[in-house]
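What follows is the content of work-v7.cif (mmCIF, C-alpha atoms and all ligand atoms).
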```
data_query
loop_
_atom_site.label_atom_id
_atom_site.label_comp_id
_atom_site.auth_asym_id
_atom_site.auth_seq_id
_atom_site.Cartn_x
_atom_site.Cartn_y
_atom_site.Cartn_z
CA MET A 25 144.15 -6.74 -96.31
CA SER A 26 146.89 -5.82 -98.73
CA ARG A 27 148.60 -2.45 -98.78
CA PHE A 28 146.97 -1.82 -102.18
CA LEU A 29 143.34 -1.87 -101.04
CA SER A 30 141.71 1.50 -101.57
CA SER A 31 141.53 3.50 -98.36
CA LYS A 32 137.81 3.97 -98.99
CA TYR A 33 137.36 0.35 -97.84
CA ALA A 34 139.57 0.63 -94.76
CA SER A 35 136.66 0.60 -92.32
CA LEU A 36 134.40 -1.79 -94.23
CA GLU A 37 132.74 -4.38 -92.01
CA PRO A 38 131.55 -7.09 -94.40
CA TYR A 39 128.25 -8.89 -93.86
CA THR A 40 128.67 -12.14 -91.95
CA PRO A 41 126.58 -14.87 -93.57
CA GLY A 42 125.17 -17.62 -91.36
CA GLU A 43 127.53 -20.54 -91.00
CA GLN A 44 127.55 -23.13 -93.79
CA PRO A 45 129.15 -26.03 -91.94
CA LYS A 46 131.86 -28.00 -93.71
CA THR A 47 131.35 -31.10 -91.61
CA ARG A 48 128.18 -33.11 -91.22
CA VAL A 49 125.66 -31.36 -89.07
CA LEU A 50 122.67 -33.18 -87.72
CA THR A 51 120.23 -30.31 -87.85
CA LYS A 52 120.87 -27.08 -89.73
CA LEU A 53 118.36 -24.42 -88.72
CA ASN A 54 120.45 -21.26 -89.11
CA THR A 55 120.01 -19.75 -92.58
CA ASN A 56 116.30 -20.15 -93.38
CA GLU A 57 116.66 -22.50 -96.30
CA SER A 58 113.83 -24.80 -97.32
CA PRO A 59 114.07 -28.27 -95.79
CA TYR A 60 112.77 -29.65 -99.09
CA PRO A 61 114.93 -30.22 -102.17
CA PRO A 62 113.82 -28.87 -105.56
CA ALA A 63 111.35 -30.95 -107.59
CA GLN A 64 112.77 -33.56 -109.98
CA GLU A 65 111.49 -31.47 -112.92
CA VAL A 66 113.67 -28.58 -111.73
CA ILE A 67 116.73 -30.78 -111.40
CA ASP A 68 116.07 -32.18 -114.90
CA ALA A 69 115.67 -28.70 -116.40
CA ALA A 70 118.95 -27.59 -114.79
CA ALA A 71 120.75 -30.67 -116.14
CA GLU A 72 119.34 -30.06 -119.61
CA ALA A 73 120.54 -26.43 -119.54
CA ALA A 74 124.03 -27.62 -118.64
CA ARG A 75 124.33 -29.07 -122.16
CA MET A 76 124.59 -25.53 -123.53
CA LEU A 77 127.05 -24.09 -121.05
CA GLN A 78 129.56 -23.26 -123.79
CA LEU A 79 127.23 -20.36 -124.72
CA TYR A 80 126.50 -17.20 -122.73
CA PRO A 81 123.02 -16.95 -121.24
CA ASP A 82 120.33 -14.52 -122.45
CA PRO A 83 121.29 -11.15 -120.87
CA ASP A 84 117.64 -10.05 -121.06
CA CYS A 85 116.41 -13.10 -119.13
CA THR A 86 113.42 -13.02 -121.45
CA GLU A 87 111.84 -16.38 -120.62
CA LEU A 88 112.44 -16.18 -116.90
CA ARG A 89 111.05 -12.66 -116.70
CA LYS A 90 107.96 -13.83 -118.58
CA ALA A 91 107.52 -16.72 -116.16
CA ILE A 92 107.92 -14.47 -113.11
CA ALA A 93 105.59 -11.84 -114.60
CA ALA A 94 102.89 -14.48 -115.18
CA VAL A 95 103.02 -15.71 -111.58
CA MET A 96 103.20 -12.19 -110.11
CA GLU A 97 100.52 -10.81 -112.48
CA VAL A 98 102.70 -7.97 -113.81
CA ASP A 99 104.38 -7.22 -117.15
CA PRO A 100 107.84 -8.62 -117.99
CA ASP A 101 109.02 -4.97 -118.17
CA GLU A 102 108.18 -4.68 -114.50
CA VAL A 103 110.59 -7.50 -113.56
CA LEU A 104 114.37 -7.55 -113.07
CA CYS A 105 116.19 -10.84 -112.41
CA ASN A 106 119.06 -10.99 -109.97
CA ASN A 107 121.84 -13.23 -108.82
CA GLY A 108 120.15 -13.67 -105.44
CA SER A 109 117.94 -10.93 -104.06
CA ASP A 110 120.98 -9.44 -102.32
CA GLU A 111 122.06 -8.24 -105.74
CA GLY A 112 118.68 -6.57 -106.31
CA LEU A 113 119.02 -4.77 -102.96
CA TYR A 114 122.55 -3.69 -103.84
CA PHE A 115 121.37 -2.23 -107.15
CA ALA A 116 118.66 -0.30 -105.28
CA TYR A 117 121.33 1.21 -103.01
CA LEU A 118 123.44 2.13 -106.04
CA ALA A 119 120.47 3.63 -107.87
CA TYR A 120 118.57 5.46 -105.14
CA CYS A 121 121.03 6.43 -102.41
CA ASP A 122 123.75 9.07 -102.52
CA GLY A 123 125.21 11.96 -100.54
CA ASP A 124 121.81 13.69 -100.42
CA THR A 125 119.71 10.58 -100.06
CA PRO A 126 120.57 8.23 -97.19
CA ALA A 127 119.17 4.74 -96.68
CA VAL A 128 116.53 4.48 -93.96
CA PHE A 129 115.72 1.15 -92.33
CA PRO A 130 114.70 -0.40 -89.01
CA GLN A 131 117.37 -0.58 -86.35
CA ILE A 132 116.81 -4.30 -86.06
CA SER A 133 116.59 -5.78 -89.52
CA TYR A 134 118.56 -7.57 -92.19
CA GLY A 135 122.27 -7.25 -91.34
CA PHE A 136 123.17 -6.52 -94.94
CA TYR A 137 121.41 -3.11 -95.04
CA PRO A 138 124.17 -1.16 -93.21
CA VAL A 139 126.83 -3.08 -95.15
CA PHE A 140 125.31 -2.03 -98.50
CA ALA A 141 125.33 1.55 -97.21
CA ASP A 142 129.01 1.30 -96.25
CA ILE A 143 130.16 -0.25 -99.52
CA THR A 144 128.26 2.34 -101.53
CA GLY A 145 129.66 5.11 -99.33
CA ILE A 146 126.30 6.54 -98.26
CA ASN A 147 124.85 7.46 -94.90
CA TYR A 148 122.03 5.58 -93.27
CA ARG A 149 119.49 6.23 -90.56
CA GLU A 150 118.23 3.41 -88.37
CA ILE A 151 114.75 3.69 -86.89
CA PRO A 152 114.08 1.84 -83.61
CA LEU A 153 111.36 -0.79 -83.50
CA ARG A 154 108.54 -0.62 -80.98
CA ASP A 155 109.11 -2.59 -77.76
CA ASP A 156 107.24 -5.58 -79.20
CA PHE A 157 109.61 -5.52 -82.21
CA SER A 158 106.93 -4.28 -84.57
CA ILE A 159 107.57 -1.50 -87.10
CA ALA A 160 105.56 1.72 -86.61
CA PRO A 161 104.58 2.90 -90.13
CA GLU A 162 104.37 6.52 -88.98
CA ASP A 163 108.10 6.46 -88.14
CA TYR A 164 108.72 6.20 -91.89
CA TYR A 165 106.51 9.12 -92.99
CA ASP A 166 108.53 11.61 -95.07
CA ALA A 167 111.61 9.47 -94.56
CA GLU A 168 113.95 11.86 -96.38
CA GLY A 169 115.85 8.93 -97.80
CA THR A 170 115.35 5.60 -99.53
CA VAL A 171 113.40 3.24 -97.29
CA PHE A 172 114.34 -0.43 -96.96
CA ILE A 173 111.91 -2.63 -95.03
CA ALA A 174 112.04 -6.40 -94.84
CA ASN A 175 108.48 -7.71 -94.68
CA PRO A 176 108.16 -9.80 -92.63
CA ASN A 177 111.09 -8.27 -90.85
CA ALA A 178 114.22 -10.30 -90.16
CA PRO A 179 115.29 -11.64 -87.76
CA THR A 180 112.06 -10.94 -85.85
CA GLY A 181 109.57 -12.43 -88.34
CA VAL A 182 107.07 -9.66 -87.51
CA PRO A 183 105.02 -8.50 -90.54
CA LEU A 184 103.37 -5.31 -91.69
CA SER A 185 100.03 -5.60 -93.50
CA ARG A 186 99.67 -4.44 -97.10
CA ALA A 187 97.61 -1.50 -95.81
CA GLN A 188 100.49 -0.45 -93.55
CA ILE A 189 102.95 -0.66 -96.45
CA GLU A 190 100.54 1.43 -98.52
CA ASP A 191 100.39 3.97 -95.68
CA ILE A 192 104.21 4.27 -95.80
CA LEU A 193 104.11 4.65 -99.60
CA GLN A 194 101.46 7.35 -99.46
CA HIS A 195 103.57 9.33 -97.02
CA ASN A 196 106.71 9.10 -99.17
CA PRO A 197 105.78 10.31 -102.64
CA GLU A 198 109.30 11.71 -103.08
CA ASN A 199 111.19 8.66 -101.78
CA VAL A 200 111.73 5.19 -103.16
CA VAL A 201 110.44 2.49 -100.81
CA VAL A 202 112.00 -0.96 -101.16
CA ILE A 203 110.09 -3.85 -99.62
CA ASP A 204 112.26 -6.91 -99.16
CA GLU A 205 109.91 -9.89 -99.32
CA ALA A 206 112.46 -12.68 -98.85
CA TYR A 207 110.07 -14.41 -96.41
CA VAL A 208 106.70 -13.27 -97.70
CA ASP A 209 105.44 -16.69 -98.80
CA PHE A 210 104.97 -18.05 -95.30
CA GLY A 211 101.91 -16.02 -94.38
CA THR A 212 102.54 -12.32 -95.11
CA GLU A 213 100.63 -10.12 -97.58
CA SER A 214 102.77 -9.17 -100.57
CA ALA A 215 103.07 -5.57 -101.73
CA VAL A 216 103.34 -6.65 -105.39
CA PRO A 217 99.69 -5.66 -106.13
CA LEU A 218 100.67 -2.07 -105.23
CA VAL A 219 103.37 -1.62 -107.89
CA ARG A 220 100.87 -0.39 -110.49
CA LYS A 221 99.59 2.21 -108.06
CA TYR A 222 102.90 3.59 -106.73
CA ASP A 223 105.79 4.60 -108.95
CA ASN A 224 108.08 4.76 -105.88
CA LEU A 225 107.70 1.08 -104.86
CA LEU A 226 110.16 -1.74 -105.46
CA VAL A 227 109.44 -5.25 -104.19
CA VAL A 228 112.35 -7.66 -103.88
CA GLN A 229 111.75 -11.42 -103.78
CA THR A 230 113.91 -14.52 -103.89
CA PHE A 231 113.89 -18.17 -104.97
CA SER A 232 116.11 -18.99 -101.97
CA LYS A 233 113.53 -19.66 -99.27
CA SER A 234 110.03 -20.53 -100.46
CA ARG A 235 111.21 -21.99 -103.78
CA SER A 236 113.96 -24.34 -102.59
CA LEU A 237 116.77 -22.78 -104.64
CA ALA A 238 119.11 -21.12 -102.10
CA GLY A 239 122.05 -22.91 -103.69
CA MET A 240 121.21 -21.43 -107.10
CA ARG A 241 121.33 -17.66 -106.34
CA LEU A 242 118.18 -16.36 -107.97
CA GLY A 243 116.09 -13.36 -106.99
CA PHE A 244 114.00 -10.69 -108.66
CA VAL A 245 112.68 -7.17 -108.27
CA ILE A 246 109.19 -5.98 -109.23
CA GLY A 247 108.43 -2.31 -109.80
CA CYS A 248 107.14 0.15 -112.36
CA LYS A 249 108.88 0.09 -115.75
CA GLU A 250 110.90 3.23 -115.07
CA LEU A 251 112.37 1.96 -111.80
CA ILE A 252 113.18 -1.39 -113.37
CA ALA A 253 114.89 0.39 -116.26
CA ASP A 254 117.10 2.23 -113.72
CA LEU A 255 118.15 -1.03 -112.10
CA ASN A 256 118.68 -2.64 -115.47
CA ALA A 257 121.10 0.14 -116.44
CA LEU A 258 123.14 -0.71 -113.35
CA ARG A 259 122.97 -4.41 -114.12
CA PHE A 260 124.24 -3.85 -117.66
CA SER A 261 127.00 -1.69 -116.19
CA THR A 262 128.20 -4.37 -113.80
CA ASN A 263 127.21 -7.90 -114.81
CA PRO A 264 124.86 -8.28 -117.78
CA TYR A 265 125.07 -12.07 -117.58
CA ASN A 266 124.11 -12.14 -113.92
CA ILE A 267 121.74 -15.07 -114.40
CA ASP A 268 123.43 -18.16 -115.75
CA ARG A 269 121.78 -20.73 -117.99
CA ILE A 270 121.25 -23.26 -115.22
CA ALA A 271 119.65 -20.72 -112.90
CA MET A 272 117.41 -19.48 -115.68
CA ALA A 273 116.19 -22.99 -116.56
CA ALA A 274 115.76 -24.00 -112.91
CA GLY A 275 113.84 -20.80 -112.15
CA ILE A 276 111.43 -21.32 -115.05
CA ALA A 277 110.84 -24.97 -114.10
CA THR A 278 110.32 -24.01 -110.45
CA LEU A 279 107.59 -21.55 -111.36
CA LYS A 280 105.97 -24.06 -113.69
CA HIS A 281 105.59 -26.35 -110.69
CA ASP A 282 104.83 -23.61 -108.19
CA GLU A 283 102.05 -25.69 -106.61
CA ILE A 284 104.79 -27.96 -105.20
CA ASN A 285 106.44 -24.94 -103.53
CA LYS A 286 103.10 -23.75 -102.21
CA ALA A 287 102.39 -27.15 -100.66
CA HIS A 288 105.85 -27.14 -99.04
CA ASN A 289 105.27 -23.63 -97.73
CA ARG A 290 101.97 -24.71 -96.17
CA THR A 291 103.78 -27.58 -94.46
CA VAL A 292 106.45 -25.18 -93.17
CA MET A 293 103.71 -22.95 -91.73
CA GLU A 294 102.04 -25.92 -90.02
CA THR A 295 105.40 -27.03 -88.65
CA ARG A 296 105.98 -23.48 -87.40
CA GLU A 297 102.70 -23.53 -85.45
CA TYR A 298 103.53 -26.97 -84.05
CA THR A 299 106.99 -25.80 -82.94
CA VAL A 300 105.64 -22.57 -81.44
CA ALA A 301 103.07 -24.48 -79.36
CA LYS A 302 105.69 -26.92 -78.05
CA LEU A 303 108.17 -24.15 -77.24
CA LYS A 304 105.51 -22.17 -75.38
CA GLU A 305 104.82 -25.26 -73.25
CA MET A 306 108.53 -25.16 -72.36
CA GLY A 307 108.29 -21.53 -71.27
CA PHE A 308 109.84 -19.92 -74.34
CA VAL A 309 108.71 -16.45 -75.36
CA MET A 310 108.58 -15.43 -79.03
CA THR A 311 107.35 -12.93 -81.59
CA ASN A 312 104.39 -13.73 -83.84
CA SER A 313 106.50 -14.72 -86.82
CA THR A 314 105.00 -15.05 -90.29
CA ALA A 315 108.34 -16.18 -91.72
CA ASN A 316 109.95 -19.60 -92.10
CA PHE A 317 111.81 -18.94 -88.86
CA ILE A 318 110.88 -18.07 -85.32
CA PHE A 319 112.54 -15.66 -82.94
CA VAL A 320 112.61 -17.01 -79.42
CA ARG A 321 114.03 -16.49 -75.96
CA HIS A 322 113.67 -18.16 -72.62
CA PRO A 323 113.12 -15.94 -69.57
CA GLU A 324 115.46 -18.05 -67.45
CA VAL A 325 118.26 -19.18 -69.76
CA SER A 326 120.46 -16.89 -71.78
CA GLY A 327 120.21 -16.87 -75.56
CA GLU A 328 123.93 -17.39 -75.88
CA VAL A 329 123.89 -20.48 -73.65
CA ILE A 330 121.02 -21.99 -75.61
CA PHE A 331 122.79 -21.28 -78.89
CA ARG A 332 126.08 -22.80 -77.69
CA LYS A 333 124.54 -25.86 -76.11
CA LEU A 334 122.43 -26.59 -79.16
CA ARG A 335 125.53 -26.34 -81.28
CA GLU A 336 127.39 -28.82 -79.08
CA ARG A 337 124.50 -31.17 -79.74
CA GLY A 338 124.68 -30.71 -83.53
CA VAL A 339 121.77 -28.28 -83.89
CA ILE A 340 122.73 -24.95 -85.45
CA VAL A 341 120.50 -21.90 -85.03
CA ARG A 342 121.33 -18.21 -85.49
CA HIS A 343 122.35 -15.98 -82.63
CA PHE A 344 122.92 -12.23 -82.92
CA THR A 345 124.98 -10.14 -80.56
CA LYS A 346 123.17 -6.78 -80.88
CA PRO A 347 122.26 -5.95 -77.26
CA GLN A 348 118.49 -5.64 -77.82
CA ILE A 349 118.25 -9.13 -79.29
CA ALA A 350 121.14 -10.94 -77.60
CA GLU A 351 118.71 -13.02 -75.54
CA TYR A 352 117.04 -14.35 -78.66
CA ASN A 353 117.79 -17.06 -81.16
CA ARG A 354 116.42 -17.23 -84.67
CA ILE A 355 115.42 -20.77 -85.52
CA THR A 356 114.65 -21.82 -89.09
CA ILE A 357 111.57 -23.98 -89.49
CA GLY A 358 112.83 -27.22 -90.97
CA SER A 359 111.03 -30.52 -91.45
CA ARG A 360 108.90 -31.94 -88.64
CA GLU A 361 111.70 -34.45 -87.93
CA GLN A 362 114.27 -31.67 -87.62
CA MET A 363 112.02 -29.70 -85.29
CA ASP A 364 111.45 -32.76 -83.12
CA ILE A 365 115.23 -33.10 -82.76
CA LEU A 366 115.44 -29.41 -81.83
CA LEU A 367 112.64 -29.78 -79.26
CA ARG A 368 114.21 -32.88 -77.74
CA GLU A 369 117.63 -31.23 -77.42
CA LEU A 370 116.10 -28.04 -76.04
CA ALA A 371 114.14 -30.00 -73.42
CA GLU A 372 117.39 -31.60 -72.25
CA ILE A 373 119.24 -28.29 -72.21
CA MET A 374 116.44 -26.69 -70.18
CA GLU A 375 116.56 -29.50 -67.70
CA GLU A 376 120.34 -29.12 -67.33
CA GLU A 377 120.16 -25.36 -66.97
CA GLN A 378 117.11 -25.09 -64.78
CA GLY A 379 118.18 -28.15 -62.77
CA SER A 380 121.59 -26.60 -62.09
CA GLU A 381 119.91 -23.43 -60.83
CA ALA A 382 117.67 -25.32 -58.37
N1 LIG A 401 116.61 -10.29 -97.53
C1 LIG A 401 116.55 -10.86 -96.32
C2 LIG A 401 115.73 -10.22 -95.25
C3 LIG A 401 117.27 -12.05 -96.08
O1 LIG A 401 117.25 -12.61 -94.87
C4 LIG A 401 118.02 -12.63 -97.13
C5 LIG A 401 118.77 -13.92 -96.90
N2 LIG A 401 119.98 -13.79 -96.25
C6 LIG A 401 118.05 -11.97 -98.36
C7 LIG A 401 117.32 -10.81 -98.53
C8 LIG A 401 118.89 -12.44 -99.51
O2 LIG A 401 118.51 -13.66 -100.01
P1 LIG A 401 119.09 -14.20 -101.39
O3 LIG A 401 120.26 -13.33 -101.80
O4 LIG A 401 119.46 -15.60 -101.11
O5 LIG A 401 117.97 -14.07 -102.37
#
```
Could you render the structure from this file as C-alpha cells?
Ligand code: PMP
Amino acid sequence: MSRFLSSKYASLEPYTPGEQPKTRVLTKLNTNESPYPPAQEVIDAAAEAARMLQLYPDPDCTELRKAIAAVMEVDPDEVLCNNGSDEGLYFAYLAYCDGDTPAVFPQISYGFYPVFADITGINYREIPLRDDFSIAPEDYYDAEGTVFIANPNAPTGVPLSRAQIEDILQHNPENVVVIDEAYVDFGTESAVPLVRKYDNLLVVQTFSKSRSLAGMRLGFVIGCKELIADLNALRFSTNPYNIDRIAMAAGIATLKHDEINKAHNRTVMETREYTVAKLKEMGFVMTNSTANFIFVRHPEVSGEVIFRKLRERGVIVRHFTKPQIAEYNRITIGSREQMDILLRELAEIMEEEQGSEA
C-alpha cells in the first residue's frame, strides 16, 4: 500500500478469488466454471464483433437486454447487464445500503458479500445457518436491512424453494431482497417469475457458470423497472460502457443457442449425482447440493489434508478456513473424465490416510 491510499481503505480485506493456476493443472475443480467451451456459433459471433472494436459499444445494451428479456420472459426495461454478476451485486450495495440500511446475509455464504459492505463503508449483519447448513426463511423476516441470499447458497449448494423466497419477500415489504442466482441452472427454482409481483426483489444471474462464459465477464440483474432504473443510474455514473462489443455479441449468440447450455447443464447434474454416489461409497458426507459443485467432508480425514494432497496430485478444489466449514471442500462438477480423476486420486489419498492410521 502506498502512503497516499485513503485511510478509509486502511482495513480493507479484499475478496480472494479462487486460484487461476499459471502452470498446467491436470484437473481444475476450484472455481465452478463450466467444463464445456462455448459453442462455435458463440466464438464466431465474438470474432465478428472484434471487427468493430474501434467503436464504443452500445451503452444501453439494447440487443443483449432484448435477448435476455426474451429468455427470462420479462421486459427489456426489467433487465440490467453487468460486467460479471459481481458488478450487479456491487451496484445493489451502492444503491440500497447506507448508514441506516445495513446488508443482511447468511453467515456462511459468498465471500464477496462482506467485502462489498466494507468497500461501500456500510455495516452488515450475518445470520447463522441451521446446523444442516440450510437457511431458515424466518430468520430474514423484517430484516431491517438489504437482504442478500445466494440461491442455491455458496459454498454449501443448499437451495431455498421459490415459495421460501416468496415467504422472505412477503415479510420484507420495506427492504430490498437480492437473490443471487449464480448457480440456479443446475436444479434450483428461479425467483425471476416473482419480479412482477414484488417491487422489492432483484434477481442476479450470470453467464459465467451455466453458459460457459466465465472468461467473458457477463452477468445481469432482473427486477421491476424502478429498481433497474436505480441500478442503471449507478452504472451510468461509473462505467456506462461496462459491456464490451465482444461480450455483447457472445452473450446474444449464447442465448440464441441456449439449448446447448441446457444440455450441458443436464450433463453436469448427472455427473454430480454420479460423483455424489461414488463419494458416499467412500464414506464422504455432503450437503444436498443443487449447484454445479458439491460440498463434502470425510469423517476421518481433515478437509485441509484432502485439499493439500489433491493439490499435490494436480487436482485443485476449494478449501475455506472459516471454522464451521474448515472440514469441508467445495468441488466443482467438471466433465465425467475429470471427476473420475478426482475419484481415483481421492481413493488413493484415503488409502494412504486411513492406512497410516491403522
Ligand atoms: N455469486 C456467487 C454466489 C458466486 O459464487 C459468484 C462467482 N464467484 C458470483 C456471484 C460472481 O460471478 P460472476 O461475476 O462471474 O458473474
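Summary of the local environment: counting all atoms listed in the file, residues at most 6 Å from stretch 36-50 of chain A, other than itself and those fewer than 5 positions away along its chain, are Thr55, Phe136 and Gly338 of chain A.
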What's around stretch 346-362 of chain A at 7 Å? Count all atoms listed in the file, leave out sequence neighbours fewer than 3 positions away in its own chain, and write the answer as a PDB file with C-alpha atoms, keeping the file's coordinate frame.
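For reference, out_4.pdb as written:
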```pdb
ATOM      1  CA  THR A  51     120.230 -30.310 -87.850  1.00  0.00           C
ATOM      2  CA  LEU A  53     118.360 -24.420 -88.720  1.00  0.00           C
ATOM      3  CA  ASN A  54     120.450 -21.260 -89.110  1.00  0.00           C
ATOM      4  CA  THR A  55     120.010 -19.750 -92.580  1.00  0.00           C
ATOM      5  CA  ASN A  56     116.300 -20.150 -93.380  1.00  0.00           C
ATOM      6  CA  SER A  58     113.830 -24.800 -97.320  1.00  0.00           C
ATOM      7  CA  PRO A  59     114.070 -28.270 -95.790  1.00  0.00           C
ATOM      8  CA  PRO A 179     115.290 -11.640 -87.760  1.00  0.00           C
ATOM      9  CA  VAL A 292     106.450 -25.180 -93.170  1.00  0.00           C
ATOM     10  CA  THR A 295     105.400 -27.030 -88.650  1.00  0.00           C
ATOM     11  CA  ARG A 296     105.980 -23.480 -87.400  1.00  0.00           C
ATOM     12  CA  ASN A 316     109.950 -19.600 -92.100  1.00  0.00           C
ATOM     13  CA  PHE A 317     111.810 -18.940 -88.860  1.00  0.00           C
ATOM     14  CA  ILE A 318     110.880 -18.070 -85.320  1.00  0.00           C
ATOM     15  CA  PHE A 319     112.540 -15.660 -82.940  1.00  0.00           C
ATOM     16  CA  VAL A 320     112.610 -17.010 -79.420  1.00  0.00           C
ATOM     17  CA  ARG A 321     114.030 -16.490 -75.960  1.00  0.00           C
ATOM     18  CA  SER A 326     120.460 -16.890 -71.780  1.00  0.00           C
ATOM     19  CA  GLY A 327     120.210 -16.870 -75.560  1.00  0.00           C
ATOM     20  CA  GLU A 328     123.930 -17.390 -75.880  1.00  0.00           C
ATOM     21  CA  PHE A 331     122.790 -21.280 -78.890  1.00  0.00           C
ATOM     22  CA  VAL A 341     120.500 -21.900 -85.030  1.00  0.00           C
ATOM     23  CA  ARG A 342     121.330 -18.210 -85.490  1.00  0.00           C
ATOM     24  CA  HIS A 343     122.350 -15.980 -82.630  1.00  0.00           C
ATOM     25  CA  ILE A 365     115.230 -33.100 -82.760  1.00  0.00           C
ATOM     26  CA  LEU A 366     115.440 -29.410 -81.830  1.00  0.00           C
TER      27      LEU A 366
END
```
Mind giving me the axis-aligned box for stretch 236-241 of chain A with 8 Å on every side, centre plus edges in Å to one decimal, as lines of an AutoDock Vina configuration file?
```
center_x = 118.0
center_y = -21.0
center_z = -104.6
size_x = 24.1
size_y = 22.7
size_z = 21.0
```
Residues within 6 Å of ligand LIG 401 (chain A) should be enumerated using only C-alpha atoms and all ligand atoms and returned as a PDB file with C-alpha atoms, keeping the file's coordinate frame.
```pdb
ATOM      1  CA  GLY A 108     120.150 -13.670-105.440  1.00  0.00           C
ATOM      2  CA  SER A 109     117.940 -10.930-104.060  1.00  0.00           C
ATOM      3  CA  ASP A 110     120.980  -9.440-102.320  1.00  0.00           C
ATOM      4  CA  TYR A 134     118.560  -7.570 -92.190  1.00  0.00           C
ATOM      5  CA  ALA A 174     112.040  -6.400 -94.840  1.00  0.00           C
ATOM      6  CA  ALA A 178     114.220 -10.300 -90.160  1.00  0.00           C
ATOM      7  CA  ASP A 204     112.260  -6.910 -99.160  1.00  0.00           C
ATOM      8  CA  ALA A 206     112.460 -12.680 -98.850  1.00  0.00           C
ATOM      9  CA  THR A 230     113.910 -14.520-103.890  1.00  0.00           C
ATOM     10  CA  SER A 232     116.110 -18.990-101.970  1.00  0.00           C
ATOM     11  CA  ALA A 238     119.110 -21.120-102.100  1.00  0.00           C
ATOM     12  CA  ARG A 241     121.330 -17.660-106.340  1.00  0.00           C
ATOM     13  CA  GLY A 243     116.090 -13.360-106.990  1.00  0.00           C
TER      14      GLY A 243
END
```
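In this comparison, which uses all atoms listed in the file, the residue of A:Ile246, A:Leu153, A:Ala215, A:Cys121 approaching A:Ala141 most closely is A:Cys121.
By chain and then residue number, the residues within 10 Å of stretch 82-84 of chain A are Arg89, Leu104, Cys105, Asn256, Arg259, Phe260, Asn263, Pro264, Tyr265, Asn266, Ile267, Asp268, Arg269 and Met272 of chain A, counting only C-alpha atoms and disregarding those fewer than 5 positions away in sequence.
Interatomic distance, atom CA of A:Gly169 to atom CA of A:Asp122: 9.2 Å.
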